[in-house]
Every structure is written in structure tokens, then in C-alpha cells.
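Visitor: Here you go, entry.pdb (PDB, C-alpha atoms):
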ATOM      1  CA  MET A   1     -36.653  30.184  12.922
ATOM      2  CA  GLY A   2     -37.536  26.516  12.792
ATOM      3  CA  VAL A   3     -36.477  24.298   9.917
ATOM      4  CA  ALA A   4     -39.081  21.931   8.461
ATOM      5  CA  VAL A   5     -37.914  18.311   8.745
ATOM      6  CA  THR A   6     -38.893  16.355   5.659
ATOM      7  CA  ILE A   7     -38.869  12.589   5.225
ATOM      8  CA  GLU A   8     -35.797  13.001   2.960
ATOM      9  CA  THR A   9     -33.911  14.707   5.790
ATOM     10  CA  VAL A  10     -34.860  11.886   8.170
ATOM     11  CA  PHE A  11     -33.528   9.246   5.756
ATOM     12  CA  PHE A  12     -30.379  11.280   5.054
ATOM     13  CA  GLY A  13     -29.879  11.401   8.830
ATOM     14  CA  ILE A  14     -30.426   7.660   9.287
ATOM     15  CA  PHE A  15     -27.999   6.684   6.505
ATOM     16  CA  SER A  16     -25.463   9.293   7.643
ATOM     17  CA  LEU A  17     -25.619   7.852  11.143
ATOM     18  CA  GLY A  18     -25.119   4.362   9.662
ATOM     19  CA  ALA A  19     -22.064   5.539   7.718
ATOM     20  CA  LEU A  20     -20.550   7.285  10.736
ATOM     21  CA  ALA A  21     -21.316   4.349  13.058
ATOM     22  CA  GLY A  22     -19.461   2.002  10.683
ATOM     23  CA  ALA A  23     -16.487   4.382  10.530
ATOM     24  CA  VAL A  24     -16.310   4.722  14.329
ATOM     25  CA  ALA A  25     -16.634   0.937  14.731
ATOM     26  CA  MET A  26     -13.695   0.483  12.334
ATOM     27  CA  PHE A  27     -11.642   2.550  14.723
ATOM     28  CA  PHE A  28     -12.264   0.319  17.749
ATOM     29  CA  LEU A  29     -12.668  -3.206  16.342
ATOM     30  CA  ARG A  30      -9.636  -5.450  16.736
ATOM     31  CA  HIS A  31      -9.960  -8.147  14.072
ATOM     32  CA  PRO A  32      -9.406  -6.938  10.457
ATOM     33  CA  MET A  33     -12.373  -9.034   9.273
ATOM     34  CA  ARG A  34     -14.728  -7.115  11.596
ATOM     35  CA  VAL A  35     -13.161  -3.850  10.433
ATOM     36  CA  ALA A  36     -13.865  -4.922   6.833
ATOM     37  CA  LEU A  37     -17.504  -5.709   7.693
ATOM     38  CA  ALA A  38     -17.886  -2.292   9.367
ATOM     39  CA  LEU A  39     -16.426  -0.634   6.249
ATOM     40  CA  ILE A  40     -18.880  -2.581   4.073
ATOM     41  CA  GLY A  41     -21.711  -1.232   6.282
ATOM     42  CA  THR A  42     -20.407   2.314   5.762
ATOM     43  CA  MET A  43     -20.184   1.776   2.000
ATOM     44  CA  LEU A  44     -23.730   0.422   1.828
ATOM     45  CA  SER A  45     -25.016   3.430   3.804
ATOM     46  CA  LEU A  46     -23.206   5.721   1.355
ATOM     47  CA  ALA A  47     -24.756   3.825  -1.567
ATOM     48  CA  ALA A  48     -28.181   4.477  -0.019
ATOM     49  CA  ILE A  49     -27.325   8.201   0.271
ATOM     50  CA  TYR A  50     -26.258   8.282  -3.398
ATOM     51  CA  ALA A  51     -29.520   6.603  -4.398
ATOM     52  CA  GLN A  52     -31.488   9.119  -2.336
ATOM     53  CA  LEU A  53     -29.612  11.963  -4.049
ATOM     54  CA  GLY A  54     -30.872  10.569  -7.377
ATOM     55  CA  LEU A  55     -27.436   9.219  -8.398
ATOM     56  CA  HIS A  56     -28.720   5.696  -8.962
ATOM     57  CA  VAL A  57     -25.932   4.740 -11.367
ATOM     58  CA  ILE A  58     -23.304   5.713  -8.796
ATOM     59  CA  ALA A  59     -25.166   3.826  -6.053
ATOM     60  CA  VAL A  60     -25.084   0.678  -8.203
ATOM     61  CA  PHE A  61     -21.373   1.159  -8.967
ATOM     62  CA  GLN A  62     -20.671   1.729  -5.270
ATOM     63  CA  VAL A  63     -22.162  -1.657  -4.448
ATOM     64  CA  LEU A  64     -20.726  -3.458  -7.484
ATOM     65  CA  ILE A  65     -17.199  -2.043  -7.515
ATOM     66  CA  TYR A  66     -16.509  -1.159  -3.887
ATOM     67  CA  VAL A  67     -18.451  -3.803  -1.984
ATOM     68  CA  GLY A  68     -18.447  -6.449  -4.713
ATOM     69  CA  ALA A  69     -14.847  -6.153  -5.910
ATOM     70  CA  VAL A  70     -12.570  -4.083  -3.691
ATOM     71  CA  MET A  71     -13.858  -5.353  -0.342
ATOM     72  CA  VAL A  72     -14.090  -8.972  -1.501
ATOM     73  CA  PHE A  73     -10.444  -8.718  -2.571
ATOM     74  CA  MET A  74      -9.613  -7.235   0.823
ATOM     75  CA  ILE A  75     -11.441 -10.053   2.625
ATOM     76  CA  TYR A  76      -9.482 -12.646   0.631
ATOM     77  CA  ALA A  77      -6.268 -10.932   1.743
ATOM     78  CA  ILE A  78      -7.420 -10.911   5.386
ATOM     79  CA  MET A  79      -8.243 -14.628   5.217
ATOM     80  CA  LEU A  80      -4.848 -15.322   3.627
ATOM     81  CA  LEU A  81      -2.933 -13.301   6.241
ATOM     82  CA  ASP A  82      -4.426 -14.320   9.561
ATOM     83  CA  VAL A  83      -1.371 -13.071  11.420
ATOM     84  CA  ARG A  84      -1.737 -12.824  15.200
ATOM     85  CA  ASP A  85       1.240 -10.580  15.880
ATOM     86  CA  ARG A  86       1.699  -7.249  17.652
ATOM     87  CA  SER A  87      -0.618  -5.550  15.143
ATOM     88  CA  PHE A  88      -3.395  -7.815  16.490
ATOM     89  CA  THR A  89      -2.688  -7.625  20.220
ATOM     90  CA  GLU A  90      -1.964  -3.888  20.272
ATOM     91  CA  ARG A  91      -4.510  -2.092  18.122
ATOM     92  CA  PHE A  92      -3.118   1.425  18.335
ATOM     93  CA  SER A  93       0.285   2.885  17.560
ATOM     94  CA  PRO A  94       2.087   5.289  19.926
ATOM     95  CA  LEU A  95       0.609   8.133  17.861
ATOM     96  CA  LEU A  96      -2.851   7.549  19.406
ATOM     97  CA  VAL A  97      -2.954  10.746  21.491
ATOM     98  CA  ALA A  98      -1.611  12.897  18.647
ATOM     99  CA  GLY A  99      -4.085  11.273  16.223
ATOM    100  CA  LEU A 100      -7.068  11.892  18.502
ATOM    101  CA  ALA A 101      -5.971  15.501  18.999
ATOM    102  CA  GLY A 102      -5.788  15.870  15.207
ATOM    103  CA  LEU A 103      -9.265  14.340  14.869
ATOM    104  CA  LEU A 104     -10.722  16.795  17.399
ATOM    105  CA  LEU A 105      -9.033  19.671  15.581
ATOM    106  CA  LEU A 106     -10.334  18.574  12.164
ATOM    107  CA  VAL A 107     -13.885  18.042  13.435
ATOM    108  CA  GLY A 108     -13.780  21.371  15.301
ATOM    109  CA  VAL A 109     -12.723  23.264  12.169
ATOM    110  CA  LEU A 110     -15.421  21.462  10.178
ATOM    111  CA  VAL A 111     -18.219  22.201  12.645
ATOM    112  CA  ASP A 112     -17.091  25.814  12.980
ATOM    113  CA  GLY A 113     -17.065  26.243   9.197
ATOM    114  CA  LEU A 114     -20.506  24.704   8.812
ATOM    115  CA  LEU A 115     -22.034  26.776  11.626
ATOM    116  CA  ARG A 116     -20.552  30.074  10.422
ATOM    117  CA  GLY A 117     -21.063  29.566   6.684
ATOM    118  CA  GLU A 118     -24.268  30.071   4.761
ATOM    119  CA  PRO A 119     -26.326  26.865   4.393
ATOM    120  CA  VAL A 120     -25.777  25.185   1.066
ATOM    121  CA  VAL A 121     -28.891  24.927  -1.087
ATOM    122  CA  THR A 122     -30.744  21.666  -0.495
ATOM    123  CA  PRO A 123     -30.190  19.255  -3.389
ATOM    124  CA  VAL A 124     -33.023  19.136  -5.860
ATOM    125  CA  ILE A 125     -33.362  15.568  -7.070
ATOM    126  CA  ARG A 126     -33.527  15.474 -10.846
ATOM    127  CA  GLU A 127     -34.433  12.025 -12.035
ATOM    128  CA  ASP A 128     -33.751  12.660 -15.733
ATOM    129  CA  VAL A 129     -30.242  14.120 -15.355
ATOM    130  CA  PHE A 130     -28.654  11.084 -13.736
ATOM    131  CA  SER A 131     -30.597   8.225 -15.310
ATOM    132  CA  VAL A 132     -28.676   5.233 -16.663
ATOM    133  CA  GLY A 133     -29.388   6.226 -20.278
ATOM    134  CA  THR A 134     -28.169   9.803 -19.802
ATOM    135  CA  PHE A 135     -25.088   8.623 -17.943
ATOM    136  CA  ALA A 136     -24.233   6.078 -20.648
ATOM    137  CA  ALA A 137     -24.721   8.607 -23.457
ATOM    138  CA  VAL A 138     -22.576  11.271 -21.778
ATOM    139  CA  PHE A 139     -19.988   8.685 -20.773
ATOM    140  CA  MET A 140     -19.510   7.244 -24.238
ATOM    141  CA  ASP A 141     -19.936  10.522 -26.169
ATOM    142  CA  GLU A 142     -17.799  12.935 -24.181
ATOM    143  CA  PHE A 143     -15.640  10.928 -21.820
ATOM    144  CA  TRP A 144     -14.657   7.859 -23.836
ATOM    145  CA  VAL A 145     -10.955   8.892 -23.805
ATOM    146  CA  TYR A 146     -10.970   8.886 -19.986
ATOM    147  CA  PHE A 147     -12.778   5.550 -20.062
ATOM    148  CA  ALA A 148     -10.025   4.144 -22.290
ATOM    149  CA  LEU A 149      -7.355   5.631 -19.997
ATOM    150  CA  ALA A 150      -9.018   4.056 -16.951
ATOM    151  CA  ALA A 151      -9.110   0.699 -18.746
ATOM    152  CA  VAL A 152      -5.387   1.024 -19.547
ATOM    153  CA  LEU A 153      -4.706   1.915 -15.901
ATOM    154  CA  LEU A 154      -6.528  -1.201 -14.726
ATOM    155  CA  LEU A 155      -4.575  -3.321 -17.217
ATOM    156  CA  VAL A 156      -1.268  -1.825 -16.025
ATOM    157  CA  ALA A 157      -2.289  -2.504 -12.413
ATOM    158  CA  GLU A 158      -3.056  -6.137 -13.241
ATOM    159  CA  ILE A 159       0.274  -6.569 -15.048
ATOM    160  CA  ALA A 160       2.148  -4.875 -12.197
ATOM    161  CA  ALA A 161       0.483  -7.093  -9.583
ATOM    162  CA  SER A 162       1.320 -10.234 -11.584
ATOM    163  CA  ALA A 163       4.901  -9.009 -12.117
ATOM    164  CA  VAL A 164       5.417  -8.326  -8.411
ATOM    165  CA  ILE A 165       4.261 -11.833  -7.522
ATOM    166  CA  ASP A 166       6.236 -13.432 -10.377
ATOM    167  CA  ILE A 167       9.494 -11.663  -9.432
ATOM    168  CA  ARG A 168       9.116 -12.942  -5.887
ATOM    169  CA  ARG A 169       8.376 -16.482  -7.078
ATOM    170  CA  ARG A 170      11.426 -16.488  -9.361
ATOM    171  CA  GLY A 171      13.570 -15.242  -6.480
ATOM    172  CA  GLU A 172      12.320 -18.075  -4.280
ATOM    173  CA  ASP A 173      13.002 -20.654  -7.031
ATOM    174  CA  LEU A 174      16.572 -19.363  -7.436
ATOM    175  CA  ALA A 175      17.117 -19.455  -3.669
ATOM    176  CA  ALA A 176      15.804 -23.055  -3.527
ATOM    177  CA  ALA A 177      18.115 -24.082  -6.402
ATOM    178  CA  ARG A 178      21.086 -22.523  -4.602
ATOM    179  CA  ARG A 179      20.187 -24.345  -1.390
ATOM    180  CA  GLU A 180      19.972 -27.656  -3.270
ATOM    181  CA  LYS A 181      23.416 -27.028  -4.806
ATOM    182  CA  LEU A 182      24.900 -26.274  -1.404
ATOM    183  CA  ASP A 183      23.359 -29.437   0.044
ATOM    184  CA  GLU A 184      24.951 -31.515  -2.706
TER     185      GLU A 184
ATOM    186  CA  MET B   1     -28.767  22.896   8.651
ATOM    187  CA  SER B   2     -29.782  21.804   5.148
ATOM    188  CA  ASP B   3     -29.486  18.272   3.782
ATOM    189  CA  ALA B   4     -26.428  19.279   1.770
ATOM    190  CA  ASN B   5     -24.743  20.734   4.861
ATOM    191  CA  LEU B   6     -25.479  17.521   6.758
ATOM    192  CA  LEU B   7     -23.959  15.392   3.997
ATOM    193  CA  LEU B   8     -20.900  17.647   3.687
ATOM    194  CA  ALA B   9     -20.403  17.369   7.455
ATOM    195  CA  VAL B  10     -20.632  13.566   7.222
ATOM    196  CA  SER B  11     -18.163  13.649   4.333
ATOM    197  CA  GLY B  12     -15.675  15.680   6.372
ATOM    198  CA  MET B  13     -16.080  13.440   9.405
ATOM    199  CA  LEU B  14     -15.508  10.289   7.328
ATOM    200  CA  PHE B  15     -12.353  11.852   5.876
ATOM    201  CA  ALA B  16     -11.122  12.905   9.340
ATOM    202  CA  LEU B  17     -11.824   9.461  10.829
ATOM    203  CA  GLY B  18     -10.048   7.806   7.897
ATOM    204  CA  LEU B  19      -7.008  10.054   8.245
ATOM    205  CA  VAL B  20      -6.740   9.452  11.984
ATOM    206  CA  GLY B  21      -7.250   5.701  11.465
ATOM    207  CA  VAL B  22      -4.299   5.570   9.055
ATOM    208  CA  VAL B  23      -2.124   7.362  11.613
ATOM    209  CA  VAL B  24      -3.290   5.482  14.703
ATOM    210  CA  ARG B  25      -3.902   1.836  13.768
ATOM    211  CA  ARG B  26      -1.081  -0.711  13.631
ATOM    212  CA  ASN B  27      -2.356  -3.201  11.042
ATOM    213  CA  LEU B  28      -1.365  -2.682   7.388
ATOM    214  CA  LEU B  29      -4.636  -4.090   6.021
ATOM    215  CA  VAL B  30      -6.704  -1.973   8.431
ATOM    216  CA  MET B  31      -4.705   1.087   7.343
ATOM    217  CA  LEU B  32      -5.576   0.299   3.715
ATOM    218  CA  MET B  33      -9.252   0.115   4.686
ATOM    219  CA  PHE B  34      -9.016   3.530   6.366
ATOM    220  CA  LEU B  35      -7.540   4.872   3.119
ATOM    221  CA  GLU B  36     -10.660   3.581   1.357
ATOM    222  CA  LEU B  37     -12.778   5.324   4.022
ATOM    223  CA  MET B  38     -11.035   8.636   3.273
ATOM    224  CA  LEU B  39     -11.725   8.147  -0.431
ATOM    225  CA  ASN B  40     -15.386   7.411   0.321
ATOM    226  CA  GLY B  41     -15.642  10.615   2.368
ATOM    227  CA  VAL B  42     -14.299  12.673  -0.515
ATOM    228  CA  LEU B  43     -16.610  10.896  -2.976
ATOM    229  CA  LEU B  44     -19.625  11.791  -0.824
ATOM    230  CA  SER B  45     -18.870  15.503  -1.100
ATOM    231  CA  LEU B  46     -18.302  15.056  -4.846
ATOM    232  CA  ALA B  47     -21.741  13.398  -5.074
ATOM    233  CA  VAL B  48     -23.394  16.298  -3.200
ATOM    234  CA  PHE B  49     -21.830  18.933  -5.456
ATOM    235  CA  THR B  50     -22.602  16.861  -8.566
ATOM    236  CA  GLN B  51     -26.245  16.813  -7.514
ATOM    237  CA  LEU B  52     -26.276  20.522  -6.625
ATOM    238  CA  LEU B  53     -24.828  21.538  -9.990
ATOM    239  CA  GLY B  54     -26.747  18.924 -11.978
ATOM    240  CA  ALA B  55     -23.489  18.031 -13.741
ATOM    241  CA  GLU B  56     -23.256  14.656 -15.465
ATOM    242  CA  ALA B  57     -19.460  15.085 -15.575
ATOM    243  CA  GLY B  58     -19.391  14.672 -11.785
ATOM    244  CA  ALA B  59     -21.066  11.268 -12.015
ATOM    245  CA  VAL B  60     -18.570  10.198 -14.694
ATOM    246  CA  LEU B  61     -15.701  11.437 -12.516
ATOM    247  CA  MET B  62     -17.029   9.375  -9.603
ATOM    248  CA  PHE B  63     -17.114   6.272 -11.792
ATOM    249  CA  LEU B  64     -13.522   6.883 -12.899
ATOM    250  CA  VAL B  65     -12.443   7.348  -9.264
ATOM    251  CA  PHE B  66     -14.047   3.960  -8.488
ATOM    252  CA  VAL B  67     -11.910   2.400 -11.239
ATOM    253  CA  VAL B  68      -8.743   4.080  -9.946
ATOM    254  CA  ALA B  69      -9.563   2.875  -6.410
ATOM    255  CA  ALA B  70      -9.918  -0.685  -7.727
ATOM    256  CA  ALA B  71      -6.534  -0.376  -9.468
ATOM    257  CA  GLU B  72      -4.972   1.045  -6.302
ATOM    258  CA  ILE B  73      -6.186  -1.847  -4.179
ATOM    259  CA  ALA B  74      -5.080  -4.345  -6.845
ATOM    260  CA  ILE B  75      -1.523  -3.034  -6.410
ATOM    261  CA  ALA B  76      -1.567  -2.378  -2.666
ATOM    262  CA  VAL B  77      -2.784  -5.795  -1.506
ATOM    263  CA  PRO B  78      -0.049  -7.795  -3.359
ATOM    264  CA  ILE B  79       2.568  -5.426  -1.901
ATOM    265  CA  VAL B  80       1.210  -6.108   1.607
ATOM    266  CA  LEU B  81       1.177  -9.856   0.857
ATOM    267  CA  LEU B  82       4.833  -9.739  -0.200
ATOM    268  CA  LEU B  83       5.796  -7.657   2.820
ATOM    269  CA  VAL B  84       4.144 -10.144   5.168
ATOM    270  CA  ARG B  85       5.801 -13.093   3.420
ATOM    271  CA  ALA B  86       9.159 -11.386   3.953
ATOM    272  CA  GLY B  87       8.673 -10.010   7.451
ATOM    273  CA  ARG B  88       5.939 -12.260   8.919
ATOM    274  CA  THR B  89       4.123  -9.302  10.470
ATOM    275  CA  LEU B  90       1.426  -6.767   9.606
ATOM    276  CA  ASP B  91       2.900  -4.134  11.934
ATOM    277  CA  PRO B  92       4.261  -1.279   9.769
ATOM    278  CA  GLY B  93       6.699  -0.368  12.549
ATOM    279  CA  SER B  94       8.608  -3.588  11.820
ATOM    280  CA  TYR B  95       9.445  -2.368   8.332
ATOM    281  CA  ALA B  96      11.126   0.845   9.471
ATOM    282  CA  GLY B  97      14.450  -0.507   8.230
ATOM    283  CA  LEU B  98      13.373  -0.696   4.570
ATOM    284  CA  LYS B  99      15.641   1.347   2.333
ATOM    285  CA  GLY B 100      14.833   1.824  -1.339
TER     286      GLY B 100
END
Give the structure from the file, written as C-alpha cells.
Guide:
Amino acid sequence: MGVAVTIETVFFGIFSLGALAGAVAMFFLRHPMRVALALIGTMLSLAAIYAQLGLHVIAVFQVLIYVGAVMVFMIYAIMLLDVRDRSFTERFSPLLVAGLAGLLLLVGVLVDGLLRGEPVVTPVIREDVFSVGTFAAVFMDEFWVYFALAAVLLLVAEIAASAVIDIRRRGEDLAAARREKLDE
Amino acid sequence: MSDANLLLAVSGMLFALGLVGVVVRRNLLVMLMFLELMLNGVLLSLAVFTQLLGAEAGAVLMFLVFVVAAAEIAIAVPIVLLLVRAGRTLDPGSYAGLKG
């Protein structure tokens, strides 16, 4: 029995292909900056899928938080650490064959499960359920404790990152002072 | 295959590619990016089920996972920076001697 192909299915297919193409490119690209750009392409394709599913708020957060914050931070780190060592000249570890075998196994299990299982009901896009207003009301009425916990987690992460860098800096200062003493 | 099946398949493939990338690649920063890819794969399936069930809680959970991912990367990148300052390499195999 044939399945009717709607315009939604075509767009889901295009964005899914974009996401998968970015992920496969990440696997083969050598320079971390190109890998980061491929990951950004995957994230943007996923944001488009979220928007098509009606989750506009999540699509905006995907672009703002993932692409706008996490990946920008990652790109700064890549620019700071332009190390051309063995990790640059030899892309893959000795576990390449085992990893590819694992990938084939995982994809095989997935395809088998999807072909044998009953098709999941096609998503019905409900504009009102996931609008910004509804999201904000639910978020601040029912989940404000989790919001506060997430804010505390971010604060702890910031403090921990600063502490890690500060401990290192203090250690370097002490080592420099000791060296100066020895020189005298 | 329905749209939801297609998206769940993509989600699984992204997770599998991310997992294999973490195992196979040699660069610490690239491995971190594959971790993010795995997280994105899982989030896609969460988005599909959120939409199927019409549950606002799923959207809130996705937002909170975004925040946790930002916190995770805020910790992980300074650790990589410190490792590279100490060992001058991004190859995780060079840090096999780390103990505690």
C-alpha cells in the first residue's frame, strides 16, 4: 500500500538529510574548526525540524543556546588551542575498526526495530500547545523550582570553571616565585 | 514509514554517530563535539515524543537539558585547556598516565 508523501514529509526529509550530512562530515573532517562548522549545520537543521514540529520556542533556544553560546565557546577554545600534534595528523584512534563495527551494529538494530515495529503516529502540529505564552506560563507556574535549580547549576559551573583556572594560575605564580628564589 | 519514524531513525543515527565519534576520533575538542551530537540526537527523540503526547513538560525538560549542556561545556572546555597547557597535546592517549 502506498504512503502519501506530503510537503511536511519532504521538508522533514530534507532537514534530516542536512542533520545526518553534518554528522557524517564531522566524522571525516580533520580540522576541529571544520568539525565545529559541520556540527553547527547539524544543529541548525535540528532547529528547523523542531520549528516544523511546532516547537518554536525550542527551535529558538536551540539556535540561541547551542549555536549562539555553546558552539561559540567551543570555537574560542579551538582558536586558542591550535595544536598541530598527533591528534591533527592522525584523525582516528586504533579503535577505528571496532568503532565502525559498533556503528554498523547500532544502525542495524535501529533499522530492524523500525521496520518490524508498528509505525508511530504522525505528529499532529498543535500551534496553541507550544506557543511562547503557553510555554512561559507552564514554565513559571509549574517548573519554577527546576528553573531555579538550573540557574544554581549554571552558577556552580561558572564558579568551578573560575576556580579551576585560578588554582592553576596560583600554582604557576608559586612555581615562578620558587624559580626566582633559586636563581638568587 | 511515518514522519515520526523517520525522525526517530535520524535521532538514533545521530546518537550512534556521536558515540562512535567519541570512541574513534583522537582530538579532545572533537570528542566533546561528538558528545554534543549524542545529546542532540537524544533531544530530537524527546522533541518527537513531546509533540506526539502534546506535553508542555517535554518542552520545559528540553530547555533544562539545554541549560545543563551549557553548564557541562563551561566545565569541560576549561579542563581541556588546562590539560593542553600541562601536556601540550590534544591527543587523549597522551594522558593515559593520569592518576587521580
Visitor: Restrict the distance test to all atoms listed in the file, flag each residue of chain B within 8 Å of chain A, and return the flagged residues as a PDB file with C-alpha atoms, in the coordinates of the input.
Guide:
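Output saved as part-v8.pdb:
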ATOM      1  CA  MET B   1     -28.767  22.896   8.651  1.00  0.00           C
ATOM      2  CA  SER B   2     -29.782  21.804   5.148  1.00  0.00           C
ATOM      3  CA  ASP B   3     -29.486  18.272   3.782  1.00  0.00           C
ATOM      4  CA  ALA B   4     -26.428  19.279   1.770  1.00  0.00           C
ATOM      5  CA  ASN B   5     -24.743  20.734   4.861  1.00  0.00           C
ATOM      6  CA  LEU B   6     -25.479  17.521   6.758  1.00  0.00           C
ATOM      7  CA  LEU B   7     -23.959  15.392   3.997  1.00  0.00           C
ATOM      8  CA  ALA B   9     -20.403  17.369   7.455  1.00  0.00           C
ATOM      9  CA  VAL B  10     -20.632  13.566   7.222  1.00  0.00           C
ATOM     10  CA  GLY B  12     -15.675  15.680   6.372  1.00  0.00           C
ATOM     11  CA  MET B  13     -16.080  13.440   9.405  1.00  0.00           C
ATOM     12  CA  LEU B  14     -15.508  10.289   7.328  1.00  0.00           C
ATOM     13  CA  ALA B  16     -11.122  12.905   9.340  1.00  0.00           C
ATOM     14  CA  LEU B  17     -11.824   9.461  10.829  1.00  0.00           C
ATOM     15  CA  GLY B  18     -10.048   7.806   7.897  1.00  0.00           C
ATOM     16  CA  VAL B  20      -6.740   9.452  11.984  1.00  0.00           C
ATOM     17  CA  GLY B  21      -7.250   5.701  11.465  1.00  0.00           C
ATOM     18  CA  VAL B  23      -2.124   7.362  11.613  1.00  0.00           C
ATOM     19  CA  VAL B  24      -3.290   5.482  14.703  1.00  0.00           C
ATOM     20  CA  ARG B  25      -3.902   1.836  13.768  1.00  0.00           C
ATOM     21  CA  ARG B  26      -1.081  -0.711  13.631  1.00  0.00           C
ATOM     22  CA  ASN B  27      -2.356  -3.201  11.042  1.00  0.00           C
ATOM     23  CA  LEU B  29      -4.636  -4.090   6.021  1.00  0.00           C
ATOM     24  CA  VAL B  30      -6.704  -1.973   8.431  1.00  0.00           C
ATOM     25  CA  MET B  33      -9.252   0.115   4.686  1.00  0.00           C
ATOM     26  CA  LEU B  37     -12.778   5.324   4.022  1.00  0.00           C
ATOM     27  CA  ASN B  40     -15.386   7.411   0.321  1.00  0.00           C
ATOM     28  CA  LEU B  44     -19.625  11.791  -0.824  1.00  0.00           C
ATOM     29  CA  ALA B  47     -21.741  13.398  -5.074  1.00  0.00           C
ATOM     30  CA  VAL B  48     -23.394  16.298  -3.200  1.00  0.00           C
ATOM     31  CA  GLN B  51     -26.245  16.813  -7.514  1.00  0.00           C
ATOM     32  CA  LEU B  52     -26.276  20.522  -6.625  1.00  0.00           C
ATOM     33  CA  GLY B  54     -26.747  18.924 -11.978  1.00  0.00           C
ATOM     34  CA  ALA B  55     -23.489  18.031 -13.741  1.00  0.00           C
ATOM     35  CA  GLU B  56     -23.256  14.656 -15.465  1.00  0.00           C
ATOM     36  CA  ALA B  57     -19.460  15.085 -15.575  1.00  0.00           C
ATOM     37  CA  ALA B  59     -21.066  11.268 -12.015  1.00  0.00           C
ATOM     38  CA  VAL B  60     -18.570  10.198 -14.694  1.00  0.00           C
ATOM     39  CA  MET B  62     -17.029   9.375  -9.603  1.00  0.00           C
ATOM     40  CA  PHE B  63     -17.114   6.272 -11.792  1.00  0.00           C
ATOM     41  CA  LEU B  64     -13.522   6.883 -12.899  1.00  0.00           C
ATOM     42  CA  PHE B  66     -14.047   3.960  -8.488  1.00  0.00           C
ATOM     43  CA  VAL B  67     -11.910   2.400 -11.239  1.00  0.00           C
ATOM     44  CA  VAL B  68      -8.743   4.080  -9.946  1.00  0.00           C
ATOM     45  CA  ALA B  70      -9.918  -0.685  -7.727  1.00  0.00           C
ATOM     46  CA  ALA B  71      -6.534  -0.376  -9.468  1.00  0.00           C
ATOM     47  CA  GLU B  72      -4.972   1.045  -6.302  1.00  0.00           C
ATOM     48  CA  ILE B  73      -6.186  -1.847  -4.179  1.00  0.00           C
ATOM     49  CA  ALA B  74      -5.080  -4.345  -6.845  1.00  0.00           C
ATOM     50  CA  ILE B  75      -1.523  -3.034  -6.410  1.00  0.00           C
ATOM     51  CA  VAL B  77      -2.784  -5.795  -1.506  1.00  0.00           C
ATOM     52  CA  PRO B  78      -0.049  -7.795  -3.359  1.00  0.00           C
ATOM     53  CA  ILE B  79       2.568  -5.426  -1.901  1.00  0.00           C
ATOM     54  CA  LEU B  81       1.177  -9.856   0.857  1.00  0.00           C
ATOM     55  CA  LEU B  82       4.833  -9.739  -0.200  1.00  0.00           C
ATOM     56  CA  VAL B  84       4.144 -10.144   5.168  1.00  0.00           C
ATOM     57  CA  ARG B  88       5.939 -12.260   8.919  1.00  0.00           C
ATOM     58  CA  THR B  89       4.123  -9.302  10.470  1.00  0.00           C
ATOM     59  CA  LEU B  90       1.426  -6.767   9.606  1.00  0.00           C
ATOM     60  CA  ASP B  91       2.900  -4.134  11.934  1.00  0.00           C
TER      61      ASP B  91
END
Visitor: Rounded to one decimal, what separation in Å do you get between atom CA of B:Leu32 and atom CA of A:Ala163?
Guide: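 One can read the atom CA of B:Leu32 to atom CA of A:Ala163 distance as 21.1 Å.
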Visitor: What gap, in Å, lies between atom CA of A:Ala38 and atom CA of B:Leu39?
Guide: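 Spanning atom CA of A:Ala38 to atom CA of B:Leu39 is a straight-line distance of 15.6 Å.
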Visitor: Please determine, counting all atoms listed in the file, which residue among B:Leu8, B:Val22, B:Leu43, B:Leu53 has the shortest atom-to-atom distance to B:Ala69.
Guide: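 Nearest to B:Ala69: B:Leu43.
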Visitor: Grab the atom CA of A:Ile14 to atom CA of A:Ala51 distance for me, in Å with one decimal place.
Guide: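 That distance, rounded to one decimal, is 13.8 Å.
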